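First comes the structure, then the notes that go with it.
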Amino acid sequence: MKKKPDMSVQFAGIQLRNPVMTASGTFGYGKEFAGYMDLEKIGAIVTKGLSLKPKAGNPMPRIVETPGGMLNAIGLQNVGIDAFISEKIPFLRTVNTPVIVNFFGNTLEEYEEVAGKLDALPEVAAVEVNISCPNVKHGGIVFGTDPKAAFSVVKAVRSATIKPVIVKLSPNVTDIVEMAAACADADADALSLINTLTGMAVDLKNRKPYLANCTGGLSGPAIKPIALRMVWQVSRAVQLPIIGIGGITNAIDALEFLLAGATAVQVGTANFMTPDASQRIVEDIEKYLRENGIEDIKELIGALRA
Amino acid sequence: MHFKSMVVSNIEVSPGYCLIRLTAPRQILDARPGQFVMVRVQDGIDPLLRRPFGIFDVGTFSPEYPESPRQHYLEILYKIVGKGTSILSMLHSRDYVDVLGPLGNGFDEGEPETEKLLVGGGFGLAPLHFFARKHAGTAGIKAFIGGKRKEDVLCVTEFERLGIDTYVATDDGTLGSRGLVTSVLEEQLETGFGSRTVYACGPEPMLRAVAGLCKRHGIGCQVSLEANMACGVGACLGCVTKGRSHSESAPDYRCVCKDGPVFDAAELLWD
């Protein structure tokens, strides 16, 4: 096929040149990867999760490799919203690629305040809300594991910004559809799923957990089947655009998520395997579309014959 | 840089320790001692992540055929400790790996007239060897090598061939003096004079002892740290170490891959 396939996708008022983004926490603030790939070849950059105040993170060890995946307990270390604005935004402004900023809070008020600060930044195309955090004011229940708490946090963010609100869902729940529906009721614009699965690794020799935090979030190819299942379930039940995340390391993985109902995808752990993974996936998707005579990638979204 | 690299040779230099030579682009010659590379030992998802290795040496060699162009290379000294290094040890000449690097900050190589004391153990000798090879003959360099047994003592021949005074200590006394390499270093610090700097790389207990010793003697000390890493470029924040002002209430974490792996020992917290 001679004609260049149409790789663009739109959702929640955001226009992307292609559906491939980087996943929060695996791509720093973008600049870390600038020497290894062309940041203007991917659909969007999703930056490391921000909080109101800088956060130091967990003690070491923070990461451990597991078969087909890795566990991390970084502890949401980040520079804080103010340093992000003064130190990271200037670089991101020079990159002609939409920037989606992931953030989190310990209370509803913190979520609201960070969302308000992000609302004022013209460089931010959309916000992604990490709701996999404990609500310190209410016994530490994780916002993203209780539909009422999820509803209230999304409402709080919604009231603080007119930017598109993407809610990143935790898979550590009994029924992810229920969580997705709560976010839809609170007027989220899109959902991204899945965040990491809580896991653990044990060092037999030393009779200790490998991570100082004992448990950590499992990511990588090992979680892809679970992520695909959840994307498929949510896409059938909720009328919101979905960003598929979970173990995507190549173009085939990415296209599987599109078939299962995702409008776009995020590449996470694969950025650690090879720093230009997201760009390579874009190139290989285009190659697939050409080879298979598909003129528009949107033909594949939700096209699973199930 | 990010490049595909061909294995030129891969030999066991001591039981459990190997030296691999990999082809590299010309820019590898700009690598600085203390910098490291992240190697993906094979395609596939197990092992998933790259493995970090200090650079043992870089250079240029003539391949086997007289007409073929000269080729630049990088060498890594590694210990077989797990799945990644085990696969690496089984690679043959003409196999391929994927290399990211050189990464991180190298040693501050200091003034020529400063005496340089290199202290290392195990595969921690790799960056020190690179350092010694670059500076041999231009400065007073002494090497202090420690290990549990003689099998763990690497590079003695290489250092001696470079004309460097080399002191060895093993825990069991099977090579050199019996005891810790830091005791040998301490004797040296007590007798010598003039300006000097210690460059250290090896297991953490050794680095802690060296850092303490240098502090007591008021001598500058640079340490190159080892850490498990996922990305190597400062994005995952999986390889942090405690900075000197670290406390529970005001944490001070430095990224080993990006802020290091070489640190001024006085900048770190040695608890």
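Chain labels follow the order of the structure tokens: the first chain is A, the next B, and so on; residue numbering restarts at 1 in every chain, and ligands are counted from 1 in their shown order.
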
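All residues of protein, DNA or RNA that reach within 9 Å of Lys224 of chain A, judged by only C-alpha atoms and not counting those fewer than 4 positions away in the chain, are Ser219, Gly220, Leu228, Arg229, Ile245, Gly246, Gly247, Ile248 and Asp253 of chain A.
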
- [ ] Select all residues from chain B having any atom no more than 8 Å from an atom of chain A (counting only C-alpha atoms, ignoring ligands), output as a PyMOL selection string.
- [x] chain B and resi 1-2+40+45-50+228-241+251-253

Open item on the list: Could you list, as an MDAnalysis selection string, every residue within 8 Å of segment 117-129 of chain B, counting only C-alpha atoms and ignoring same-chain residues fewer than 4 positions away?
Closed with: chainID B and resid 17 33:35 54:57 76:79 133 141:147 152:155 158:159 181 185 196:203 206

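Interatomic distance, atom CA of Arg207 of chain A to atom CA of Pro205 of chain B: 20.8 Å.
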
Task: Residue nearest Glu109 of chain B among B:Ser9, B:Thr138, B:Ser86, B:Ser93 (counting only C-alpha atoms) - done: B:Thr138
